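Asks: Got structure_23.csv for you, CSV, C-alpha atoms:
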chain,number,residue,atom,x,y,z
A,1,MET,CA,0.0,0.0,0.0
A,2,ALA,CA,1.4,3.4,-1.0
A,3,ASP,CA,2.2,5.9,1.7
A,4,THR,CA,-0.3,8.8,2.0
A,5,ASP,CA,0.9,12.0,0.3
A,6,TYR,CA,-0.1,14.6,2.9
A,7,THR,CA,0.9,17.4,0.5
A,8,SER,CA,-1.3,16.3,-2.3
A,9,GLU,CA,-4.5,18.1,-3.5
A,10,GLU,CA,-6.4,14.9,-3.1
A,11,TYR,CA,-5.5,14.6,0.6
A,12,ALA,CA,-6.3,18.3,1.1
A,13,LEU,CA,-9.8,17.8,-0.4
A,14,LEU,CA,-10.5,14.7,1.7
A,15,SER,CA,-9.4,16.5,4.8
A,16,GLU,CA,-11.7,19.4,4.0
A,17,GLU,CA,-14.6,17.1,3.3
A,18,TYR,CA,-14.0,15.3,6.6
A,19,GLU,CA,-13.9,18.5,8.6
A,20,TYR,CA,-17.1,19.7,6.9
A,21,GLU,CA,-18.9,16.4,7.7
A,22,TRP,CA,-17.6,16.3,11.2
A,23,HIS,CA,-18.8,19.9,12.0
A,24,LYS,CA,-22.1,19.3,10.3
A,25,ASN,CA,-22.7,16.2,12.5
A,26,HIS,CA,-21.2,17.5,15.8
A,27,ASP,CA,-21.5,21.3,16.0
A,28,PRO,CA,-25.0,21.3,17.5
A,29,GLU,CA,-23.7,19.0,20.3
A,30,MET,CA,-20.6,21.1,20.8
A,31,ILE,CA,-22.7,24.2,21.2
A,32,GLN,CA,-24.8,22.5,23.8
A,33,TYR,CA,-21.8,21.1,25.6
A,34,LYS,CA,-20.2,24.5,25.7
A,35,LYS,CA,-23.4,26.0,27.3
A,36,GLU,CA,-23.3,23.2,30.0
A,37,ILE,CA,-19.6,23.8,30.7
A,38,ASP,CA,-20.0,27.6,30.9
A,39,LYS,CA,-22.9,27.0,33.4
A,40,CYS,CA,-20.7,24.8,35.5
A,41,LEU,CA,-17.9,27.3,35.5
A,42,ALA,CA,-20.3,30.2,36.4
A,43,SER,CA,-21.7,28.2,39.3
A,44,LYS,CA,-18.3,27.7,40.9
A,45,THR,CA,-19.3,24.9,43.3
A,46,PRO,CA,-17.6,21.6,44.1
A,47,GLU,CA,-20.5,19.8,42.5
A,48,SER,CA,-20.3,21.8,39.2
A,49,TYR,CA,-16.5,21.2,39.0
A,50,ASN,CA,-17.0,17.5,39.6
A,51,ARG,CA,-19.5,17.4,36.7
A,52,LEU,CA,-16.8,18.8,34.5
A,53,LYS,CA,-14.3,16.2,35.7
A,54,VAL,CA,-16.8,13.4,34.9
A,55,LEU,CA,-17.4,14.9,31.5
A,56,PHE,CA,-13.8,15.3,30.5
A,57,ASN,CA,-12.9,11.9,31.8
A,58,ASN,CA,-15.6,10.3,29.6
A,59,PRO,CA,-13.7,8.3,26.9
A,60,THR,CA,-16.4,8.9,24.3
A,61,PHE,CA,-16.5,12.6,24.9
A,62,LYS,CA,-12.7,12.9,24.9
A,63,ASP,CA,-12.2,10.9,21.7
A,64,THR,CA,-14.9,12.9,19.9
A,65,TYR,CA,-14.4,16.5,21.1
A,66,CYS,CA,-11.1,17.0,23.0
A,67,LEU,CA,-9.0,17.6,20.0
A,68,LYS,CA,-11.2,20.4,18.7
A,69,HIS,CA,-10.5,24.1,19.3
A,70,ASP,CA,-11.8,25.3,22.7
A,71,PHE,CA,-12.4,21.8,23.9
A,72,ALA,CA,-8.7,20.9,23.4
A,73,TYR,CA,-7.8,23.9,25.6
A,74,MET,CA,-10.4,22.9,28.2
A,75,SER,CA,-9.0,19.4,28.3
A,76,ILE,CA,-5.6,20.8,29.3
A,77,ILE,CA,-7.3,23.1,31.8
A,78,MET,CA,-9.0,20.1,33.4
A,79,MET,CA,-5.6,18.3,33.7
A,80,ILE,CA,-4.2,21.3,35.5
A,81,TYR,CA,-7.3,21.5,37.8
A,82,THR,CA,-7.0,17.8,38.7
A,83,GLU,CA,-3.4,18.4,39.9
A,84,GLU,CA,-4.5,21.5,41.8
A,85,GLU,CA,-7.4,19.7,43.4
A,86,ASN,CA,-5.2,16.8,44.5
A,87,SER,CA,-2.8,19.3,46.1
A,88,ARG,CA,-5.6,21.2,47.7
A,89,VAL,CA,-4.8,24.5,46.0
A,90,PRO,CA,-7.2,27.1,47.4
A,91,TYR,CA,-7.7,29.0,44.1
A,92,THR,CA,-7.7,26.8,41.1
A,93,ILE,CA,-7.6,27.5,37.3
A,94,LEU,CA,-11.3,26.9,37.2
A,95,ASP,CA,-11.8,29.8,39.6
A,96,THR,CA,-10.1,32.3,37.2
A,97,GLY,CA,-13.1,32.7,34.9
A,98,LYS,CA,-16.8,32.2,34.5
A,99,SER,CA,-16.7,30.7,31.0
A,100,ILE,CA,-14.5,28.6,28.7
A,101,ASP,CA,-13.6,31.8,26.8
A,102,GLU,CA,-12.5,33.7,29.9
A,103,ILE,CA,-10.3,30.9,31.2
A,104,ILE,CA,-8.8,30.2,27.8
A,105,HIS,CA,-7.9,33.9,27.5
A,106,ILE,CA,-6.0,33.7,30.8
A,107,VAL,CA,-4.1,30.6,29.6
A,108,LYS,CA,-3.3,32.3,26.3
A,109,GLN,CA,-2.1,35.4,28.0
A,110,LEU,CA,0.2,33.4,30.3
A,111,LYS,CA,1.6,31.7,27.2
A,112,PHE,CA,2.2,35.1,25.6
A,113,TYR,CA,4.1,36.4,28.7
A,114,LEU,CA,6.2,33.2,28.8
A,115,TRP,CA,7.1,33.6,25.1
A,116,ARG,CA,8.1,37.2,25.9
A,117,VAL,CA,10.5,35.9,28.5
A,118,GLU,CA,11.8,33.1,26.3
A,119,PHE,CA,12.1,34.8,22.9
A,120,THR,CA,12.7,38.5,23.5
A,121,ASP,CA,15.1,40.8,25.3
A,122,ASP,CA,12.3,42.7,26.9
A,123,THR,CA,13.7,43.7,30.3
A,124,ASN,CA,10.2,44.0,31.7
A,125,ALA,CA,9.0,40.6,30.6
A,126,LEU,CA,9.8,38.9,33.9
A,127,SER,CA,8.1,41.5,36.0
A,128,PHE,CA,5.0,41.4,33.8
A,129,ILE,CA,4.7,37.6,34.2
A,130,CYS,CA,5.2,37.9,37.9
A,131,GLN,CA,2.5,40.5,38.2
A,132,TYR,CA,0.2,38.4,36.1
A,133,ILE,CA,0.7,35.3,38.3
A,134,ILE,CA,-0.2,37.4,41.3
A,135,GLU,CA,-3.3,38.9,39.7
A,136,GLN,CA,-4.7,35.7,38.3
A,137,HIS,CA,-3.6,33.5,41.2
A,138,VAL,CA,-1.6,31.2,38.8
A,139,SER,CA,-0.6,28.1,40.7
A,140,VAL,CA,2.8,26.4,40.3
A,141,PHE,CA,0.9,23.5,38.6
A,142,MET,CA,-0.6,25.8,36.0
A,143,LEU,CA,2.7,27.6,35.4
A,144,ASN,CA,4.7,24.3,35.0
A,145,TYR,CA,2.1,22.8,32.7
A,146,ILE,CA,1.8,25.8,30.4
A,147,ILE,CA,5.6,25.8,30.2
A,148,HIS,CA,5.5,22.1,29.3
A,149,VAL,CA,3.0,22.5,26.4
A,150,SER,CA,4.1,25.8,25.0
A,151,SER,CA,7.8,26.4,25.6
A,152,TYR,CA,10.4,25.8,22.8
A,153,ASP,CA,13.5,25.8,25.0
A,154,LYS,CA,12.3,24.8,28.4
A,155,ILE,CA,15.7,24.8,30.1
A,156,VAL,CA,16.5,28.4,29.0
A,157,LEU,CA,13.1,29.6,30.1
A,158,LEU,CA,13.2,27.8,33.4
A,159,ASN,CA,16.6,29.2,34.3
A,160,LYS,CA,15.4,32.7,33.6
A,161,LEU,CA,12.2,32.2,35.8
A,162,ILE,CA,14.1,30.5,38.6
A,163,ALA,CA,16.7,33.3,38.8
A,164,TYR,CA,13.9,35.9,39.0
A,165,PHE,CA,11.7,34.1,41.5
A,166,THR,CA,14.8,33.4,43.7
A,167,LYS,CA,15.6,37.1,43.7
A,168,LEU,CA,12.0,37.8,44.8
A,169,ASN,CA,12.3,35.1,47.5
A,170,ALA,CA,9.2,33.4,46.1
A,171,LEU,CA,10.3,30.0,47.4
A,172,THR,CA,7.2,28.0,46.4
A,173,TYR,CA,7.6,29.0,42.7
A,174,THR,CA,11.4,28.7,42.9
A,175,TYR,CA,11.2,25.1,44.3
A,176,SER,CA,8.5,24.0,41.9
A,177,LEU,CA,10.3,25.4,38.8
A,178,THR,CA,13.6,24.0,39.9
A,179,LYS,CA,12.1,20.5,40.5
A,180,TYR,CA,10.8,20.7,37.0
A,181,LEU,CA,14.2,21.7,35.6
A,182,HIS,CA,15.8,18.8,37.5
A,183,GLU,CA,13.3,16.4,36.0
A,184,ILE,CA,14.1,17.4,32.4
A,185,ASP,CA,17.8,18.1,33.0
A,186,PRO,CA,18.9,15.8,35.8
A,187,ASP,CA,22.6,16.8,35.5
A,188,ASN,CA,22.0,20.5,35.9
A,189,GLU,CA,24.3,21.6,38.7
A,190,ASN,CA,22.5,24.9,39.3
A,191,ALA,CA,19.2,23.2,39.8
A,192,LEU,CA,20.7,20.7,42.2
A,193,CYS,CA,22.4,23.4,44.2
A,194,ILE,CA,19.2,25.4,44.5
A,195,LEU,CA,17.2,22.3,45.6
A,196,SER,CA,20.0,21.7,48.1
A,197,GLN,CA,19.8,25.3,49.4
A,198,LEU,CA,16.0,25.1,49.8
A,199,ALA,CA,16.3,21.8,51.7
A,200,SER,CA,18.9,23.4,54.0
A,201,LEU,CA,16.5,26.3,54.7
A,202,SER,CA,14.1,23.8,56.2
A,203,GLY,CA,16.9,22.3,58.3
A,204,ASP,CA,17.0,19.0,56.2
A,205,TYR,CA,20.7,18.8,55.7
A,206,ARG,CA,20.5,15.1,54.8
A,207,LEU,CA,18.3,16.0,51.8
A,208,ALA,CA,20.5,19.0,51.0
A,209,LEU,CA,23.6,16.7,50.9
A,210,TYR,CA,21.7,14.1,48.8
A,211,TYR,CA,21.0,16.7,46.1
A,212,LEU,CA,24.6,17.7,46.1
A,213,SER,CA,25.6,14.1,45.8
A,214,LEU,CA,23.8,13.9,42.4
A,215,VAL,CA,26.2,16.5,40.9
A,216,ARG,CA,28.5,14.6,38.5
A,217,HIS,CA,31.2,17.3,38.1
A,218,PRO,CA,31.0,19.5,41.2
A,219,SER,CA,32.2,23.1,40.9
A,220,GLU,CA,33.7,25.1,43.8
A,221,ASN,CA,30.2,26.3,44.7
A,222,THR,CA,28.9,22.7,45.1
A,223,GLU,CA,31.9,21.8,47.2
A,224,ARG,CA,31.5,24.8,49.4
A,225,LEU,CA,27.8,24.0,50.0
A,226,ARG,CA,28.7,20.4,50.8
A,227,LYS,CA,31.2,21.3,53.5
A,228,GLU,CA,28.8,23.8,55.0
A,229,TYR,CA,26.0,21.3,55.2
A,230,GLU,CA,28.3,18.5,56.5
A,231,ILE,CA,29.2,20.9,59.4
A,232,HIS,CA,25.5,21.7,60.1
A,233,GLN,CA,24.6,18.0,60.0
A,234,SER,CA,27.3,17.0,62.5
A,235,THR,CA,26.3,19.7,65.1
What is this structure when it is put down as structure tokens?
Replies:
Amino acid sequence: MADTDYTSEEYALLSEEYEYEWHKNHDPEMIQYKKEIDKCLASKTPESYNRLKVLFNNPTFKDTYCLKHDFAYMSIIMMIYTEEENSRVPYTILDTGKSIDEIIHIVKQLKFYLWRVEFTDDTNALSFICQYIIEQHVSVFMLNYIIHVSSYDKIVLLNKLIAYFTKLNALTYTYSLTKYLHEIDPDNENALCILSQLASLSGDYRLALYYLSLVRHPSENTERLRKEYEIHQST
């Protein structure tokens, strides 16, 4: 069987016909689903949020709608919400808007600010994103997930954000972003040193030394921290 030529006019026409038929068959249902979702988001009750979880965990609904436009965004939003709910975050992504359109706008705006940090030399980009996180109550789960799905060079972006949040003494965000950096770049000495320093702040010098032990080629800074924590652990 010959391979499909995705650049051919025939394939383009078939795709166009498929999209036309799909929307003809499903658009009325999508409109109704969007009304129901907006109603749940406007209600802002545990019961209404649970209805959304049930809907977006339904295999038939996911396979039929969750790759389409706003529903694809909403699927990501529900993944973030599940993480937030499991961690008992007091203000979740679902609390940021009263409709799909409002919440998607917030997600898109966060992506825009992250791209400004990643791709431009705008000296105000980091302060803008910090202010936006405060204003919209963006959780560490939301921030990490949007970086995951939208960033081109995650390591560069994470290093910029970590340095800025460290300077602000925003330890929750510093820790979460650094953990993420360590996950995707396990040999990153800077990330391991930051995790070690954060562990030492809580008095857990055993954990602090463990993070330093993961550094393959320790610099003078790593060795200095190791000696410091060994002294603290022995006292």
Asks: Quick one: distance from atom CA of Leu161 of chain A to atom CA of Cys193 of chain A in Å, one decimal?
Replies: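 So the answer is 15.9 Å.
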Asks: Counting all atoms listed in the file, which residue out of A:Cys66, A:Leu52, A:Ile76, A:Leu214 sits closest to Met30 of chain A?
Replies: A:Cys66
Asks: Identify which of the residues A:Ser75, A:Gln197, A:Ser127, A:Thr166 lies closest to Ile104 of chain A, counting only C-alpha atoms when measuring atom-to-atom distances.
Replies: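 For Ile104 of chain A, the nearest of the given residues is A:Ser75.
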Asks: Using atom CA of Ser219 of chain A and atom CA of Ser196 of chain A as the two end points, give the distance in Å to one decimal.
Replies: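 Pair atom CA of Ser219 of chain A / atom CA of Ser196 of chain A returns 14.2 Å.
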Asks: With distances taken over only C-alpha atoms, which residue among A:Leu192, A:Ile155, A:Met79, A:Ile106 lies nearest Leu207 of chain A?
Replies: A:Leu192
